[in-house]
Amino acid sequence: MTCARLLRTGSVFIICAAAAGCNGAGATSSNAASNPDSAATPTATSGTAAATAAGAPVSREITLPAGTRLPIVLDTSIGSDTSRVEEPVQAHLAAAVQIDGSVALEPGSRVGGVVTDATQSGRVKGVAHVGVRFETLTPEGSDARYTIRTAAVGRTAQTTKKRDAEEIGGGAIGGAIIGALVGGKKGAAIGTAAGGGAGTAVVLSTRGKEVHLAKGARLTLSLSEPVTIRVRS
């Protein structure tokens with residue numbers, strides 16, 4: 001909009017000022033139209049309120065103290081004659097773990113570890129043993145994995161010394177052999193059993209029982225050190 005130039009100075013000033021006012025109003029309207037969100041900018045929400053408004057799950061930190069017991073179910077089978085040291089082992093929580101009356105870990109939370117010992121049974125001397133230690137924890141519904149310290153869990157096969165001695169010979173000879181084997185006197189046992197015939201060779205060449213922890217076996221872990229984790233509220 002342009003101003004008409006008049007002969008009287010006062011009139012020129014008044015008319016031009018009005019035109020300038022019109023132009024200003026037009027500029028304001030133009031800015032508002034091109035940026036409609038500028039007139040009402042919402043206040044930013046932070047922290048828990050923002051997560052709640054967005055529908056995201058709210059989490060909290062909780063510390064599992066040393067001595068906390070974790071009841072687990074094996075998802076990997078272990079055996080003294082089938083496993084190898086450092087092989088991975090997987091398991092999950094069989095029941096919820098509560099701290100101060102509230103659930104800290106849901107059933108199904110995952111724990112991972114490794115085989116620490118897998119010793120086969122020996123011939124005459126030595127029994128089978130298997131051990132495992134769990135080192136990681138992943139709460140149910142989370143992808144976060146936490147390092148944990150737990151005491152190793154192990155199982156040892158029952159000794160077969162008495163059974164072996166009975167297979168070598170019976171009566172007085174068998175009694176002497178049993179006493180020698182159970183007492184650890186290997187030389188005396190073999191010498192006394194010399195008259196036992198072929199049974200001796202069979203026993204000396206046969207390994208004892210192996211020990212296995214099948215998939216689905218239940219164990220209880222105990223935390224050696226406290227660990228702080230983040231779980232859903």
# chains A, B, ... in the order shown; residues from 1 in each chain; ligands from 1
$ residues_around --residues "Leu105 (chain A)" --least-positions-apart "6" --cutoff "7 Å" --atoms "only C-alpha atoms" --output "ChimeraX atom specification"
/A:96-98,139
$ write_last_selection --atoms "C-alpha atoms" --output "PDB file, in the first residue's frame"
ATOM      1  CA  ALA A  96      10.494 -64.804  40.924  1.00  0.00           C
ATOM      2  CA  VAL A  97      13.204 -63.299  43.130  1.00  0.00           C
ATOM      3  CA  GLN A  98      11.959 -60.768  45.684  1.00  0.00           C
ATOM      4  CA  PRO A 139      16.183 -59.752  33.422  1.00  0.00           C
TER       5      PRO A 139
END
$ residues_around --residues "Leu93 (chain A)" --least-positions-apart "5" --cutoff "7 Å" --atoms "only C-alpha atoms" --output "ChimeraX atom specification"
/A:70-73,107-110
$ write_last_selection --atoms "C-alpha atoms" --output "PDB file, in the first residue's frame"
ATOM      1  CA  LEU A  70      18.525 -67.675  42.331  1.00  0.00           C
ATOM      2  CA  PRO A  71      16.467 -70.821  41.632  1.00  0.00           C
ATOM      3  CA  ILE A  72      17.221 -71.851  38.046  1.00  0.00           C
ATOM      4  CA  VAL A  73      16.304 -74.501  35.473  1.00  0.00           C
ATOM      5  CA  PRO A 107      10.503 -65.921  36.234  1.00  0.00           C
ATOM      6  CA  GLY A 108      12.159 -66.581  32.886  1.00  0.00           C
ATOM      7  CA  SER A 109      15.042 -64.148  33.483  1.00  0.00           C
ATOM      8  CA  ARG A 110      18.074 -65.661  31.777  1.00  0.00           C
TER       9      ARG A 110
END
$ residues_around --residues "Ser233 (chain A)" --least-positions-apart "5" --cutoff "7 Å" --atoms "only C-alpha atoms" --output "list in words"
Val58, Ser59 and Arg60 of chain A
$ residues_around --residues "Asp100 (chain A)" --least-positions-apart "6" --cutoff "12 Å" --atoms "only C-alpha atoms" --output "JSON, numbers by chain"
{"A": [62, 63, 64, 65, 68]}
$ residues_around --residues "Leu213 (chain A)" --least-positions-apart "3" --cutoff "8 Å" --atoms "only C-alpha atoms" --output "list in words"
Ser77, Ile78, Gly79 and Ala217 of chain A
$ write_last_selection --atoms "C-alpha atoms" --output "PDB file, in the first residue's frame"
ATOM      1  CA  SER A  77      22.489 -80.453  29.472  1.00  0.00           C
ATOM      2  CA  ILE A  78      25.880 -81.114  31.115  1.00  0.00           C
ATOM      3  CA  GLY A  79      27.785 -84.374  31.490  1.00  0.00           C
ATOM      4  CA  ALA A 217      17.440 -79.972  36.020  1.00  0.00           C
TER       5      ALA A 217
END
$ residues_around --residues "region 83-90 of chain A" --least-positions-apart "6" --cutoff "10 Å" --atoms "only C-alpha atoms" --output "MDAnalysis selection string"
chainID A and resid 72:77 110:120 130:134 136 212 215
$ closest_residue --among "A:Glu225, A:Glu210, A:Glu135, A:Glu140" --to "Ala94 (chain A)" --atoms "only C-alpha atoms"
A:Glu140
